[in-house]
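Structure below is model-v9.txt: compact mmCIF, C-alpha atoms.
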# COMPACT_ATOMS: atom_id res chain seq x y z
CA MET Q 1 -3.30 12.76 -6.42
CA THR Q 2 -1.17 11.82 -9.41
CA GLN Q 3 -1.35 8.44 -11.09
CA THR Q 4 1.92 6.79 -10.10
CA GLU Q 5 2.75 3.17 -9.49
CA HIS Q 6 2.25 1.75 -6.00
CA LYS Q 7 5.67 1.11 -4.46
CA PRO Q 8 5.93 -1.78 -1.98
CA LEU Q 9 7.88 -0.88 1.14
CA PRO Q 10 11.03 -2.74 2.24
CA GLU Q 11 10.81 -5.46 4.92
CA GLY Q 12 10.42 -4.18 8.46
CA TYR Q 13 8.10 -1.32 7.61
CA GLN Q 14 5.03 -3.44 8.37
CA GLU Q 15 5.98 -3.50 12.06
CA GLN Q 16 6.77 0.23 12.10
CA PHE Q 17 3.36 1.16 10.73
CA MET Q 18 1.55 -1.41 12.84
CA LEU Q 19 3.16 0.21 15.89
CA GLU Q 20 1.62 3.49 14.74
CA ALA Q 21 -1.77 1.73 14.48
CA ILE Q 22 -1.21 0.43 18.03
CA ARG Q 23 -0.56 4.03 19.16
CA GLN Q 24 -3.89 4.97 17.62
CA ALA Q 25 -5.52 2.07 19.50
CA HIS Q 26 -4.16 3.46 22.76
CA LEU Q 27 -5.90 6.77 22.00
CA ALA Q 28 -9.19 4.86 21.76
CA GLU Q 29 -8.43 3.07 25.00
CA GLU Q 30 -7.82 6.39 26.79
CA LEU Q 31 -11.42 7.28 25.90
CA GLY Q 32 -12.70 3.98 27.27
CA GLU Q 33 -13.22 2.66 23.75
CA VAL Q 34 -12.27 -0.79 22.50
CA PRO Q 35 -8.60 -0.27 21.53
CA ILE Q 36 -8.54 -0.58 17.76
CA GLY Q 37 -6.37 1.70 15.66
CA ALA Q 38 -5.55 2.14 11.99
CA VAL Q 39 -3.26 4.11 9.71
CA VAL Q 40 -3.23 4.63 5.95
CA VAL Q 41 0.23 4.80 4.39
CA ARG Q 42 1.28 6.06 0.97
CA ASN Q 43 4.87 5.75 -0.22
CA GLY Q 44 6.18 5.28 3.32
CA GLN Q 45 4.27 8.24 4.81
CA VAL Q 46 1.25 8.10 7.10
CA VAL Q 47 -1.55 9.97 5.32
CA GLY Q 48 -4.49 8.94 7.48
CA THR Q 49 -5.05 7.91 11.08
CA GLY Q 50 -8.02 6.69 13.03
CA TYR Q 51 -9.20 4.85 16.09
CA ASN Q 52 -12.42 3.36 17.37
CA THR Q 53 -14.93 5.91 18.73
CA ARG Q 54 -18.21 3.99 18.54
CA GLU Q 55 -19.16 4.53 22.18
CA THR Q 56 -18.09 8.16 22.58
CA GLY Q 57 -19.49 9.14 19.19
CA LYS Q 58 -22.61 6.97 19.56
CA LEU Q 59 -22.04 5.84 15.96
CA ALA Q 60 -22.07 2.27 14.68
CA THR Q 61 -19.80 3.32 11.81
CA ALA Q 62 -17.07 4.95 13.95
CA HIS Q 63 -14.52 2.19 13.37
CA ALA Q 64 -10.78 2.83 13.19
CA GLU Q 65 -10.52 1.84 9.52
CA ILE Q 66 -13.35 4.16 8.48
CA ALA Q 67 -11.79 7.08 10.36
CA ALA Q 68 -8.34 6.43 8.85
CA ILE Q 69 -9.73 6.08 5.32
CA GLU Q 70 -11.76 9.28 5.67
CA ASP Q 71 -8.72 11.12 7.03
CA ALA Q 72 -6.58 9.93 4.11
CA CYS Q 73 -9.26 10.92 1.58
CA ARG Q 74 -9.43 14.42 3.05
CA ARG Q 75 -5.65 14.82 3.16
CA LEU Q 76 -5.07 13.45 -0.35
CA GLY Q 77 -8.07 15.15 -1.92
CA GLY Q 78 -9.81 12.10 -3.35
CA TRP Q 79 -11.58 8.85 -2.52
CA ARG Q 80 -9.34 6.54 -4.57
CA LEU Q 81 -6.57 5.29 -2.28
CA HIS Q 82 -5.14 2.81 -4.79
CA GLN Q 83 -1.57 3.81 -3.92
CA CYS Q 84 -2.15 3.29 -0.21
CA ASP Q 85 -1.85 0.54 2.36
CA LEU Q 86 -3.92 0.14 5.50
CA TYR Q 87 -2.54 -1.07 8.83
CA VAL Q 88 -5.14 -2.01 11.42
CA THR Q 89 -4.80 -3.74 14.77
CA LEU Q 90 -7.83 -6.03 14.25
CA GLU Q 91 -9.02 -7.98 11.21
CA PRO Q 92 -11.58 -5.86 9.35
CA CYS Q 93 -15.33 -6.41 9.86
CA PRO Q 94 -17.83 -6.56 6.97
CA MET Q 95 -18.43 -2.78 6.95
CA CYS Q 96 -14.74 -1.91 7.00
CA SER Q 97 -13.95 -4.54 4.37
CA GLY Q 98 -16.47 -2.84 2.09
CA ALA Q 99 -14.89 0.56 2.72
CA ILE Q 100 -11.42 -0.87 1.99
CA ILE Q 101 -12.63 -2.32 -1.30
CA ASN Q 102 -14.47 0.88 -2.28
CA ALA Q 103 -11.46 3.06 -1.42
CA ARG Q 104 -9.26 0.79 -3.59
CA ILE Q 105 -6.72 0.25 -0.78
CA GLN Q 106 -3.76 -1.64 -2.29
CA THR Q 107 -2.69 -3.77 0.69
CA VAL Q 108 -4.20 -4.47 4.11
CA TYR Q 109 -2.01 -5.48 7.05
CA PHE Q 110 -3.85 -6.47 10.20
CA GLY Q 111 -2.68 -7.59 13.62
CA ALA Q 112 -5.13 -9.75 15.55
CA TYR Q 113 -7.55 -12.15 13.92
CA ASP Q 114 -11.23 -11.69 14.78
CA PRO Q 115 -13.05 -15.03 15.09
CA LYS Q 116 -16.39 -13.25 15.71
CA ALA Q 117 -16.54 -10.73 12.86
CA GLY Q 118 -13.33 -10.95 10.82
CA CYS Q 119 -13.88 -10.75 7.08
CA ALA Q 120 -10.33 -11.37 5.89
CA GLY Q 121 -10.51 -15.11 6.49
CA SER Q 122 -11.69 -15.72 10.06
CA VAL Q 123 -15.47 -15.76 9.57
CA THR Q 124 -15.46 -15.23 5.83
CA ASP Q 125 -13.19 -13.65 3.24
CA LEU Q 126 -15.02 -10.78 1.57
CA PHE Q 127 -11.83 -9.84 -0.22
CA ALA Q 128 -11.93 -13.11 -2.18
CA LEU Q 129 -15.30 -12.28 -3.75
CA PRO Q 130 -15.33 -11.03 -7.35
CA PHE Q 131 -15.58 -7.32 -6.58
CA ASN Q 132 -13.98 -4.74 -8.87
CA HIS Q 133 -11.00 -4.47 -6.48
CA ARG Q 134 -9.12 -7.00 -4.37
CA PRO Q 135 -6.45 -5.74 -1.99
CA GLN Q 136 -3.58 -7.94 -0.90
CA LEU Q 137 -3.97 -9.18 2.69
CA PHE Q 138 -1.40 -9.89 5.37
CA GLY Q 139 -2.64 -10.96 8.79
CA GLY Q 140 -0.84 -11.51 12.05
CA VAL Q 141 1.46 -8.46 11.94
CA LEU Q 142 2.50 -7.94 15.58
CA GLU Q 143 -0.41 -10.24 16.37
CA ASP Q 144 0.51 -10.86 20.02
CA GLN Q 145 0.71 -7.14 20.80
CA CYS Q 146 -2.55 -6.37 18.99
CA ALA Q 147 -4.43 -9.29 20.53
CA GLY Q 148 -2.99 -8.42 23.94
CA LEU Q 149 -4.40 -4.90 23.75
CA LEU Q 150 -7.87 -6.32 23.24
CA SER Q 151 -7.67 -9.13 25.77
CA ASP Q 152 -6.25 -6.79 28.44
CA PHE Q 153 -8.99 -4.24 27.75
CA PHE Q 154 -11.81 -6.77 28.01
CA SER Q 155 -10.27 -8.37 31.08
CA ARG Q 156 -10.20 -4.96 32.83
CA LEU Q 157 -13.75 -4.27 31.66
CA ARG Q 158 -15.02 -7.57 33.07
CA GLU Q 159 -13.24 -6.88 36.36
CA GLU Q 160 -14.75 -3.38 36.60
CA ARG Q 161 -18.22 -4.75 35.89
CA LYS Q 162 -17.75 -7.43 38.54
CA LYS Q 163 -16.75 -4.77 41.08
CA MET Q 164 -19.84 -2.73 40.20
CA ARG Q 165 -22.08 -5.79 40.66
CA ASP Q 166 -20.42 -6.51 44.00
CA ILE Q 167 -21.00 -2.92 45.13
CA ARG Q 168 -24.66 -3.04 44.07
CA THR Q 169 -25.14 -6.35 45.87
CA PHE Q 170 -23.49 -4.94 49.02
CA CYS Q 171 -25.66 -1.81 48.91
CA GLU Q 172 -28.83 -3.82 48.44
CA ASN Q 173 -28.13 -5.96 51.50

Translate this structure into structure tokens?
Amino acid sequence: MTQTEHKPLPEGYQEQFMLEAIRQAHLAEELGEVPIGAVVVRNGQVVGTGYNTRETGKLATAHAEIAAIEDACRRLGGWRLHQCDLYVTLEPCPMCSGAIINARIQTVYFGAYDPKAGCAGSVTDLFALPFNHRPQLFGGVLEDQCAGLLSDFFSRLREERKKMRDIRTFCEN
């Protein structure tokens, strides 16, 4: 990777790349995973993709951001992603925030806010601490679509669990 200046993208690209992160989230959902997706972008090109696979992989670290960062590192041949932006459908958690900082991601765009574990302002702002790198943050990109993916998923999950409880209760009687 050559040392060139990070080039901000023109207006409108945030939505385009967030839609790609949403497509990644749908891949997670097809596996029965919580639908969270992420993409890493460098100079207007997607260089890393990832989606949540915690349940299928049985790994606590199998978050969308981690997968996308690892993919970008492999494709670009290095761990420093200082010329890259990350688009993720949900506000990063503490682990992913640390990975973003360590990878030197330039800018983070996220969709839905996470009042339970969000570390870009919702619960805390790890990016405001005096680490050696501080990415720019932009939250709420296609927020309704990103939040809708999650709320629809959990609504269906609750309904399926209720049906299973009803079946068990019926069988026991």

Just want the 7 Å neighbourhood of stretch 82-90 of chain Q, counted on all atoms listed in the file, with same-chain residues fewer than 2 positions away dropped. Output as a CSV table (one decimal) with C-alpha atoms, keeping the file's coordinate frame.
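And here is the file that came out, out.csv:
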chain,number,residue,atom,x,y,z
Q,6,HIS,CA,2.2,1.8,-6.0
Q,17,PHE,CA,3.4,1.2,10.7
Q,18,MET,CA,1.6,-1.4,12.8
Q,21,ALA,CA,-1.8,1.7,14.5
Q,22,ILE,CA,-1.2,0.4,18.0
Q,36,ILE,CA,-8.5,-0.6,17.8
Q,37,GLY,CA,-6.4,1.7,15.7
Q,38,ALA,CA,-5.6,2.1,12.0
Q,39,VAL,CA,-3.3,4.1,9.7
Q,40,VAL,CA,-3.2,4.6,6.0
Q,41,VAL,CA,0.2,4.8,4.4
Q,42,ARG,CA,1.3,6.1,1.0
Q,65,GLU,CA,-10.5,1.8,9.5
Q,80,ARG,CA,-9.3,6.5,-4.6
Q,92,PRO,CA,-11.6,-5.9,9.4
Q,104,ARG,CA,-9.3,0.8,-3.6
Q,105,ILE,CA,-6.7,0.2,-0.8
Q,106,GLN,CA,-3.8,-1.6,-2.3
Q,107,THR,CA,-2.7,-3.8,0.7
Q,108,VAL,CA,-4.2,-4.5,4.1
Q,109,TYR,CA,-2.0,-5.5,7.0
Q,110,PHE,CA,-3.8,-6.5,10.2
Q,111,GLY,CA,-2.7,-7.6,13.6
Q,112,ALA,CA,-5.1,-9.8,15.6
Q,113,TYR,CA,-7.6,-12.2,13.9
Q,114,ASP,CA,-11.2,-11.7,14.8
Q,146,CYS,CA,-2.6,-6.4,19.0

For this session: Find, counting all atoms listed in the file, the residue in Q:Ala128, Q:Met95, Q:Val34, Q:Cys119 that gets nearest to Q:Leu157.
Result: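 Smallest separation from Q:Leu157 among the options: Q:Val34.
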
For this session: Tell me which protein, DNA and RNA residues are within 7 Å of Q:Ala62, counting only C-alpha atoms, leaving out same-chain ones fewer than 5 positions away, and put them as a PyMOL selection string.
Result: chain Q and resi 52-54+67

Exercise. How far is it from atom CA of Q:Glu29 to atom CA of Q:Ala99, in Å with one decimal?
Worked result: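 Those two atoms sit 23.3 Å apart.
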
Would you list the residues near (-12.8, -8.1, 10.2), meaning any protein, DNA or RNA residue with an atom at most 6 Å from that point in file coordinates, counting all atoms listed in the file, as a PDB file with C-alpha atoms, keeping the file's coordinate frame?
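part-v3.pdb, written as the output of this step:
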ATOM      1  CA  GLU Q  91      -9.020  -7.980  11.210  1.00  0.00           C
ATOM      2  CA  PRO Q  92     -11.580  -5.860   9.350  1.00  0.00           C
ATOM      3  CA  CYS Q  93     -15.330  -6.410   9.860  1.00  0.00           C
ATOM      4  CA  ALA Q 117     -16.540 -10.730  12.860  1.00  0.00           C
ATOM      5  CA  GLY Q 118     -13.330 -10.950  10.820  1.00  0.00           C
ATOM      6  CA  CYS Q 119     -13.880 -10.750   7.080  1.00  0.00           C
ATOM      7  CA  ALA Q 120     -10.330 -11.370   5.890  1.00  0.00           C
TER       8      ALA Q 120
END

Problem set entry | Distance criterion (all atoms listed in the file): nearest to Q:Gly44 out of Q:Ala68, Q:Leu150, Q:Lys58, Q:Gln14 |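 Among the listed residues, Q:Gln14 lies closest to Q:Gly44.
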
Exercise. So how far away is atom CA of Q:Glu33 from atom CA of Q:Glu55, in Å?
Worked result: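 A separation of 6.4 Å between them.
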
Problem set entry | Atomic distance atom CA of Q:Tyr51 - atom CA of Q:Pro130, expressed in Å with one decimal | 29.0 Å

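Proximity ranking of Q:Cys96, Q:Asn102, Q:Glu160, Q:His133 relative to Q:Trp79 places Q:Asn102 first, based on all atoms listed in the file.
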
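The shell of residues at most 9 Å from Q:Phe127, with all atoms listed in the file counted and near chain neighbours (fewer than 3 positions) removed, consists of Ser97, Gly98, Ile101, Cys119, Ala120, Gly121, Thr124, Pro130, Phe131, His133, Arg134, Pro135, Gln136 and Leu137 of chain Q.
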
Those selected residues, please, written with C-alpha atoms and delivered as a PDB file, in the coordinates of the input.
ATOM      1  CA  SER Q  97     -13.950  -4.540   4.370  1.00  0.00           C
ATOM      2  CA  GLY Q  98     -16.470  -2.840   2.090  1.00  0.00           C
ATOM      3  CA  ILE Q 101     -12.630  -2.320  -1.300  1.00  0.00           C
ATOM      4  CA  CYS Q 119     -13.880 -10.750   7.080  1.00  0.00           C
ATOM      5  CA  ALA Q 120     -10.330 -11.370   5.890  1.00  0.00           C
ATOM      6  CA  GLY Q 121     -10.510 -15.110   6.490  1.00  0.00           C
ATOM      7  CA  THR Q 124     -15.460 -15.230   5.830  1.00  0.00           C
ATOM      8  CA  PRO Q 130     -15.330 -11.030  -7.350  1.00  0.00           C
ATOM      9  CA  PHE Q 131     -15.580  -7.320  -6.580  1.00  0.00           C
ATOM     10  CA  HIS Q 133     -11.000  -4.470  -6.480  1.00  0.00           C
ATOM     11  CA  ARG Q 134      -9.120  -7.000  -4.370  1.00  0.00           C
ATOM     12  CA  PRO Q 135      -6.450  -5.740  -1.990  1.00  0.00           C
ATOM     13  CA  GLN Q 136      -3.580  -7.940  -0.900  1.00  0.00           C
ATOM     14  CA  LEU Q 137      -3.970  -9.180   2.690  1.00  0.00           C
TER      15      LEU Q 137
END

Exercise. For Q:Leu31, which residue among Q:Ser122, Q:Gly148, Q:Phe153, Q:Ile66 is the nearest when counting all atoms listed in the file?
Worked result: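 Distance minimum relative to Q:Leu31 lands on Q:Phe153.
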
Problem set entry | Top pick for closest residue to Q:Tyr13, considering Q:Val123, Q:Gln45, Q:Gly57, Q:Gly78 and counting all atoms listed in the file |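 Closest to Q:Tyr13 of all the choices is Q:Gln45.
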
Problem set entry | Pick from Q:Val141, Q:Ala72, Q:Leu81, Q:Ala103 nearest to Q:Gln16, counting all atoms listed in the file |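 Of Q:Val141, Q:Ala72, Q:Leu81, Q:Ala103, the one nearest Q:Gln16, counting all atoms listed in the file, is Q:Val141.
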
Can you sort out stretch 40-59 of chain Q so it carries N, CA, C and O atoms, written as a short mmCIF file (atom, residue, chain, number, x, y, z; two decimals), in the frame of the given file?
data_model
loop_
_atom_site.label_atom_id
_atom_site.label_comp_id
_atom_site.auth_asym_id
_atom_site.auth_seq_id
_atom_site.Cartn_x
_atom_site.Cartn_y
_atom_site.Cartn_z
N VAL Q 40 -3.35 4.78 7.40
CA VAL Q 40 -3.23 4.63 5.95
C VAL Q 40 -1.86 5.19 5.58
O VAL Q 40 -1.48 6.28 6.03
N VAL Q 41 -1.14 4.44 4.76
CA VAL Q 41 0.23 4.80 4.39
C VAL Q 41 0.34 4.87 2.87
O VAL Q 41 -0.15 3.99 2.16
N ARG Q 42 0.99 5.92 2.41
CA ARG Q 42 1.28 6.06 0.97
C ARG Q 42 2.75 6.39 0.81
O ARG Q 42 3.24 7.36 1.38
N ASN Q 43 3.45 5.56 0.06
CA ASN Q 43 4.87 5.75 -0.22
C ASN Q 43 5.69 6.00 1.05
O ASN Q 43 6.54 6.88 1.11
N GLY Q 44 5.40 5.22 2.09
CA GLY Q 44 6.18 5.28 3.32
C GLY Q 44 5.79 6.40 4.25
O GLY Q 44 6.47 6.61 5.27
N GLN Q 45 4.71 7.13 3.96
CA GLN Q 45 4.27 8.24 4.81
C GLN Q 45 2.84 7.97 5.29
O GLN Q 45 1.98 7.58 4.50
N VAL Q 46 2.60 8.22 6.57
CA VAL Q 46 1.25 8.10 7.10
C VAL Q 46 0.43 9.27 6.57
O VAL Q 46 0.80 10.43 6.75
N VAL Q 47 -0.68 8.94 5.90
CA VAL Q 47 -1.55 9.97 5.32
C VAL Q 47 -2.95 9.96 5.93
O VAL Q 47 -3.78 10.79 5.59
N GLY Q 48 -3.19 9.01 6.82
CA GLY Q 48 -4.49 8.94 7.48
C GLY Q 48 -4.38 8.15 8.77
O GLY Q 48 -3.68 7.14 8.80
N THR Q 49 -5.05 8.62 9.80
CA THR Q 49 -5.05 7.91 11.08
C THR Q 49 -6.47 7.83 11.61
O THR Q 49 -7.33 8.66 11.27
N GLY Q 50 -6.70 6.81 12.43
CA GLY Q 50 -8.02 6.69 13.03
C GLY Q 50 -8.03 5.66 14.14
O GLY Q 50 -7.15 4.80 14.21
N TYR Q 51 -9.01 5.81 15.01
CA TYR Q 51 -9.20 4.85 16.09
C TYR Q 51 -10.69 4.74 16.38
O TYR Q 51 -11.49 5.60 15.99
N ASN Q 52 -11.04 3.68 17.05
CA ASN Q 52 -12.42 3.36 17.37
C ASN Q 52 -13.03 4.43 18.28
O ASN Q 52 -12.44 4.78 19.30
N THR Q 53 -14.20 4.95 17.90
CA THR Q 53 -14.93 5.91 18.73
C THR Q 53 -16.44 5.61 18.72
O THR Q 53 -17.26 6.53 18.82
N ARG Q 54 -16.79 4.35 18.62
CA ARG Q 54 -18.21 3.99 18.54
C ARG Q 54 -18.99 4.42 19.77
O ARG Q 54 -20.12 4.90 19.66
N GLU Q 55 -18.44 4.21 20.95
CA GLU Q 55 -19.16 4.53 22.18
C GLU Q 55 -19.23 6.04 22.42
O GLU Q 55 -20.29 6.58 22.69
N THR Q 56 -18.10 6.72 22.32
CA THR Q 56 -18.09 8.16 22.58
C THR Q 56 -18.85 8.92 21.51
O THR Q 56 -19.51 9.92 21.80
N GLY Q 57 -18.78 8.47 20.27
CA GLY Q 57 -19.49 9.14 19.19
C GLY Q 57 -20.92 8.66 19.01
O GLY Q 57 -21.67 9.25 18.24
N LYS Q 58 -21.27 7.56 19.68
CA LYS Q 58 -22.61 6.97 19.56
C LYS Q 58 -22.93 6.67 18.09
O LYS Q 58 -24.04 6.90 17.61
N LEU Q 59 -21.90 6.13 17.38
CA LEU Q 59 -22.04 5.84 15.96
C LEU Q 59 -21.58 4.42 15.66
O LEU Q 59 -20.44 4.06 15.95
#
